[in-house]
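Colleague: The structure's right below; bear with me while I get my questions together.
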Amino acid sequence: MTLASVVVMGLGGGPPGWQDLVAEPAGTADAAGAFRSASGAAGGAYAFAEGAQRVDGAVSTADAVRLEAGHTYRSVLPVRGRAYYRLELDAASNTYVSATAVPPAGHAASVVDGVKVSVQDGDGRSCDVDTASFGATGSSHPVAAWAVREISPRRSLCKEPGTYYVTVERTDPDGADSSPGPWELELTTASEPPLEGAGATSAPPEWNSAPPRPVAGEPERRAGGAGFARATSLGEGVWRDDIRPGQTLFYKVPVDWGRQLHVTAELGSSDTGGRGYVAAALDLDLYNPARGHVADVGVGYGGSQKSRALAPLPPVAHANRHDIVGRVRAVRFAGSYYLVAHLATKVADRFGDGPVPLTLRVGLSGAAQDGPGYAGEAVPRDVFTVTEEDREAAAEGTAAGDGDDTAMRVLAVGGIGGGSALLVGLGAWALAARRQGSFRSG
């Protein structure tokens with residue numbers, strides 16, 4: 001038995017991929033209002049990966065659908081209970097599974113509600129478990145958790161080849177202000193090959209943990225993306241955007257082996273005349289290339305400029321995985337590190353629902369180094385490295401898929417007119433579907 005019925009009851013129908021079309025891409029601000037209305041999300045719709053395969057989570061391991069490394073999937077998370085998926089693993093590779101929960105945006109939320117992900121072996125023993133919650137902002141937004149099947153001398157379980165299971169569930173569905181309906185999910189899997197040599201068995205003993213001075217300079221405009229797959233690339237520098245209450249923006253920074261990432265987030269002063277103070281106004285989360293949570297920082301807001309920096313991170317190194325500190329352990333491979341900024345919905349109560357200036361100061365220190373020497377290729381390829389294309393994208397500020405999304409390019413040119421045409425098309429599709437259903441029922 002699957003959870004397919006949840007889709008019908010909780011999410012409604014629509015032509016294939018219509019949610020992707022109503023997602024707000026970077027650079028289409030003129031049409032954003034129309035698409036927010038269409039999606040029903042005050043903070044903008046989440047942009048799922050293009051071409052992600054839809055799968056149903058199962059209510060039993062016996063019916064679990066297989067997830068393959070290198071693929072991205074869309075699924076549904078029920079209000080209560082677990083959704084099960086299946087992995088077929090070898091005896092050498094590390095496997096990372098990340099689940100991004102996408103609740104309805106723009107609503108209050110239980111601070112401890114969120115998503116819990118685990119990987120289990122065939123005997124129900126836990127290989128790893130992780131949770132991610134909405135936190136002190138108290139407003140719903142996309143959150144991601146990851147779980148790892150790791151071949152390591154520190155782990156005695158989960159080393160054998162065979163069938164493993166992924167479980168995904170909510171952390172507090174019955175809490176105050178918790179969302180009553182199902183959530184959408186984006187699932188990703190990645191495989192990391194073993195090292196050619198023995199490799200280090202302990203974390204680097206020392207690294208420079210002194211926080212550097214925030215990057216200074218003239219801010220450059222970079223509009224954030226609406227999802228991990230549409231994250232806007234950033235390099236070292238000062239980057240400026242606007243963020244509305246309830247909105248979540250996605251960016252990514254290519255970080256080479258041996259380099260340290262430093263990030264400071266700043267909310268600019270308001271001219272709305274609002275008063276008061278929101279203790280947890282901005283939440284900035286950092287995720288690694290496998291979408292594993294690294295660190296986060298909150299910024300309070302009272303109408304005047306405020307800034308906070310992420311806790312210092314070590315240089316990217318394979319051996320970081322042996323550290324006892326979570327944020328150090330997560331900086332275990334090179335690749336694109338994601339910055340996810342969310343502005344609490346309650347900011348609108350004090351300062352209106354207009355945009356608040358957001359500045360990200362991104363610094364990179366240390367010299368790039370060669371990788372650790374893998375005995376094979378990662379899946380997907382290049383996920384744990386920085387390519388020339390990644391560097392070019394960071395210099396130009398492009399997002400993944402910018403060159404392929406014809407529909408969004410047309411929308412960007414057509415503005416609200418184009419958006420209206422799409423909404424008319426969606427309306428016509430819905431009417432036709434209803435008529436077809438009536439005809440069949442007769």
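The chains in the structure tokens are called A, B, ... from first to last as shown; in each chain the residues are counted from 1, and the ligands are counted from 1 in the order shown.
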What are the closest atom pairs, with distances in Å to one decimal, for each residue of region 246-283 of chain A lying within 12 Å of region 360-374 of chain A, using only C-alpha atoms, rows by chain and rising residue number, as CSV?
Modeller:
residue,atom,partner,partner_atom,distance
A:Leu249,CA,A:Leu360,CA,11.7
A:Phe250,CA,A:Leu360,CA,11.7
A:Tyr251,CA,A:Leu360,CA,10.0
A:Lys252,CA,A:Val362,CA,10.6
A:Val253,CA,A:Val362,CA,8.5
A:Pro254,CA,A:Leu364,CA,9.7
A:Val255,CA,A:Leu364,CA,7.8
A:Asp256,CA,A:Ala368,CA,5.6
A:Trp257,CA,A:Gln369,CA,5.2
A:Gly258,CA,A:Ala368,CA,5.2
A:Arg259,CA,A:Gly366,CA,4.8
A:Gln260,CA,A:Ser365,CA,5.1
A:Leu261,CA,A:Leu364,CA,4.9
A:His262,CA,A:Gly363,CA,4.8
A:Val263,CA,A:Val362,CA,4.7
A:Thr264,CA,A:Arg361,CA,5.0
A:Ala265,CA,A:Leu360,CA,4.8
A:Glu266,CA,A:Leu360,CA,6.4
A:Leu267,CA,A:Leu360,CA,9.1
A:Gly268,CA,A:Leu360,CA,10.9
Colleague: From region 182-407 of chain A, collect each residue whose DSSP state is helix (DSSP H, G or I) and return the set as a PyMOL selection string.
Modeller: chain A and resi 228-230+318-322+326-330+347-351+388-396+406-407
Colleague: I need the residue nearest Gly51 (chain A) from this list: A:Ala91, A:Leu195, A:Ala229, A:Ala69. Use only C-alpha atoms for the distance.
Modeller: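 Of A:Ala91, A:Leu195, A:Ala229, A:Ala69, the one nearest Gly51 (chain A) is A:Ala229, counting only C-alpha atoms.
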Colleague: Quick one: pick out all strand (DSSP E or B) residues within region 36-197 of chain A from a backbone DSSP run and write them as a ChimeraX atom specification.
Modeller: /A:53-54,58,65-66,72-77,83-89,94-102,108,114-120,126-133,139,143-149,162-170,183-192,195
Colleague: So that I can see what lies close to region 326-332 of chain A, please list as a list in words the residues with an atom at most 10 Å from it, counting only C-alpha atoms and leaving out residues fewer than 5 positions away in the same chain.
Modeller: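 Within the cut-off, the hits are Ala203, Val255, Trp257, Gln260, Leu261, Leu286, Tyr287, Asn288, Pro289, Ala290, Arg291, Gly292, His293, Val294, Ala295, Asp296, Ala311, Pro312, Leu313, Pro314, Pro315, Val316, Ala317, His318, Ala319, Asn320, Arg321, Tyr337 and Phe384 of chain A.
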Colleague: Using only C-alpha atoms, determine which residues lie at most 7 Å from Gly302 (chain A), disregarding the query and same-chain residues fewer than 3 positions distant; provide the list as a ChimeraX atom specification.
Modeller: /A:275-278
Colleague: Do a neighbour search on Pro180 (chain A) at 9 Å with only C-alpha atoms, toss out local chain neighbours closer than 5 positions, and write the hits as a list in words.
Modeller: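 Once the nearby chain positions are removed, what remains is Val79, Pro173 and Asp174 of chain A.
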Colleague: Smallest atom-to-atom distance to Phe333 (chain A): which of A:Val297, A:Ala281, A:Val386, A:Val65, using only C-alpha atoms?
Modeller: A:Val386
Colleague: Give me the residues near Pro380 (chain A) as a list of chain:residue names, where near means some atom within 10 Å (using only C-alpha atoms) and where sequence neighbours in that chain fewer than 2 positions away do not count.
Modeller: A:Ala69, A:Gly70, A:His71, A:Thr189, A:Ala190, A:Ser191, A:Glu192, A:Glu377, A:Ala378, A:Asp382, A:Val383, A:Phe384
Colleague: Emit the selected residues as a short mmCIF file (atom, residue, chain, number, x, y, z; two decimals), in the first residue's frame, including all heavy atoms.
Modeller:
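Saved result, out.cif, follows:
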data_model
loop_
_atom_site.label_atom_id
_atom_site.label_comp_id
_atom_site.auth_asym_id
_atom_site.auth_seq_id
_atom_site.Cartn_x
_atom_site.Cartn_y
_atom_site.Cartn_z
N ALA A 69 21.11 6.35 -6.42
CA ALA A 69 22.06 7.46 -6.26
C ALA A 69 22.12 8.29 -7.52
O ALA A 69 22.07 7.76 -8.64
CB ALA A 69 23.45 6.90 -5.93
N GLY A 70 22.21 9.60 -7.33
CA GLY A 70 22.29 10.51 -8.45
C GLY A 70 20.96 11.00 -8.96
O GLY A 70 20.91 11.84 -9.86
N HIS A 71 19.87 10.49 -8.41
CA HIS A 71 18.54 10.89 -8.87
C HIS A 71 17.87 11.79 -7.82
O HIS A 71 18.16 11.72 -6.63
CB HIS A 71 17.66 9.66 -9.11
CG HIS A 71 18.09 8.83 -10.27
ND1 HIS A 71 17.43 8.82 -11.48
CD2 HIS A 71 19.14 8.00 -10.42
CE1 HIS A 71 18.04 8.01 -12.32
NE2 HIS A 71 19.09 7.49 -11.69
N THR A 189 19.74 11.58 -3.46
CA THR A 189 20.68 10.56 -2.99
C THR A 189 22.01 10.78 -3.69
O THR A 189 22.06 11.15 -4.86
CB THR A 189 20.17 9.15 -3.30
OG1 THR A 189 19.93 9.03 -4.71
CG2 THR A 189 18.88 8.85 -2.56
N ALA A 190 23.09 10.55 -2.96
CA ALA A 190 24.44 10.69 -3.52
C ALA A 190 25.32 9.58 -2.97
O ALA A 190 25.16 9.16 -1.82
CB ALA A 190 25.03 12.06 -3.18
N SER A 191 26.24 9.12 -3.81
CA SER A 191 27.15 8.05 -3.42
C SER A 191 28.58 8.55 -3.50
O SER A 191 28.98 9.16 -4.49
CB SER A 191 26.96 6.84 -4.35
OG SER A 191 27.88 5.82 -4.04
N GLU A 192 29.35 8.31 -2.43
CA GLU A 192 30.74 8.74 -2.36
C GLU A 192 31.64 7.50 -2.35
O GLU A 192 31.51 6.65 -1.48
CB GLU A 192 30.96 9.55 -1.08
CG GLU A 192 32.37 10.08 -0.92
CD GLU A 192 32.60 10.69 0.46
OE1 GLU A 192 31.93 10.25 1.42
OE2 GLU A 192 33.44 11.59 0.56
N GLU A 377 34.32 7.24 -9.03
CA GLU A 377 33.61 8.51 -9.20
C GLU A 377 32.39 8.57 -8.29
O GLU A 377 31.74 7.56 -8.03
CB GLU A 377 33.17 8.70 -10.65
CG GLU A 377 34.31 9.00 -11.61
CD GLU A 377 33.79 9.40 -12.98
OE1 GLU A 377 32.57 9.25 -13.22
OE2 GLU A 377 34.60 9.89 -13.79
N ALA A 378 32.13 9.76 -7.85
CA ALA A 378 30.90 9.99 -7.07
C ALA A 378 29.70 9.93 -8.00
O ALA A 378 29.79 10.09 -9.21
CB ALA A 378 30.97 11.34 -6.37
N ASP A 382 30.83 14.73 -10.10
CA ASP A 382 31.28 16.09 -9.75
C ASP A 382 30.52 16.72 -8.59
O ASP A 382 30.68 17.92 -8.31
CB ASP A 382 31.21 17.05 -10.96
CG ASP A 382 32.16 16.64 -12.08
OD1 ASP A 382 33.19 16.01 -11.76
OD2 ASP A 382 31.88 16.93 -13.25
N VAL A 383 29.67 15.95 -7.88
CA VAL A 383 28.94 16.54 -6.76
C VAL A 383 29.88 16.94 -5.64
O VAL A 383 29.62 17.90 -4.90
CB VAL A 383 27.85 15.57 -6.25
CG1 VAL A 383 28.45 14.31 -5.66
CG2 VAL A 383 26.94 16.26 -5.23
N PHE A 384 31.02 16.24 -5.51
CA PHE A 384 31.96 16.52 -4.43
C PHE A 384 33.25 17.15 -4.95
O PHE A 384 34.35 16.86 -4.49
CB PHE A 384 32.27 15.25 -3.64
CG PHE A 384 31.05 14.60 -3.04
CD1 PHE A 384 30.84 13.23 -3.16
CD2 PHE A 384 30.09 15.35 -2.37
CE1 PHE A 384 29.72 12.63 -2.61
CE2 PHE A 384 28.96 14.77 -1.83
CZ PHE A 384 28.77 13.39 -1.94
#
Colleague: Quick one: distance from CA of Ala348 (chain A) to CA of Arg240 (chain A) in Å, one decimal?
Modeller: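 CA of Ala348 (chain A) sits 20.4 Å away from CA of Arg240 (chain A).
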Colleague: Need the shell around His141 (chain A): protein/DNA/RNA residues with any atom at most 8 Å away, counting only C-alpha atoms. Skip same-chain ones fewer than 3 positions apart. Format as a ChimeraX atom specification?
Modeller: /A:102-106,134,246-248,342
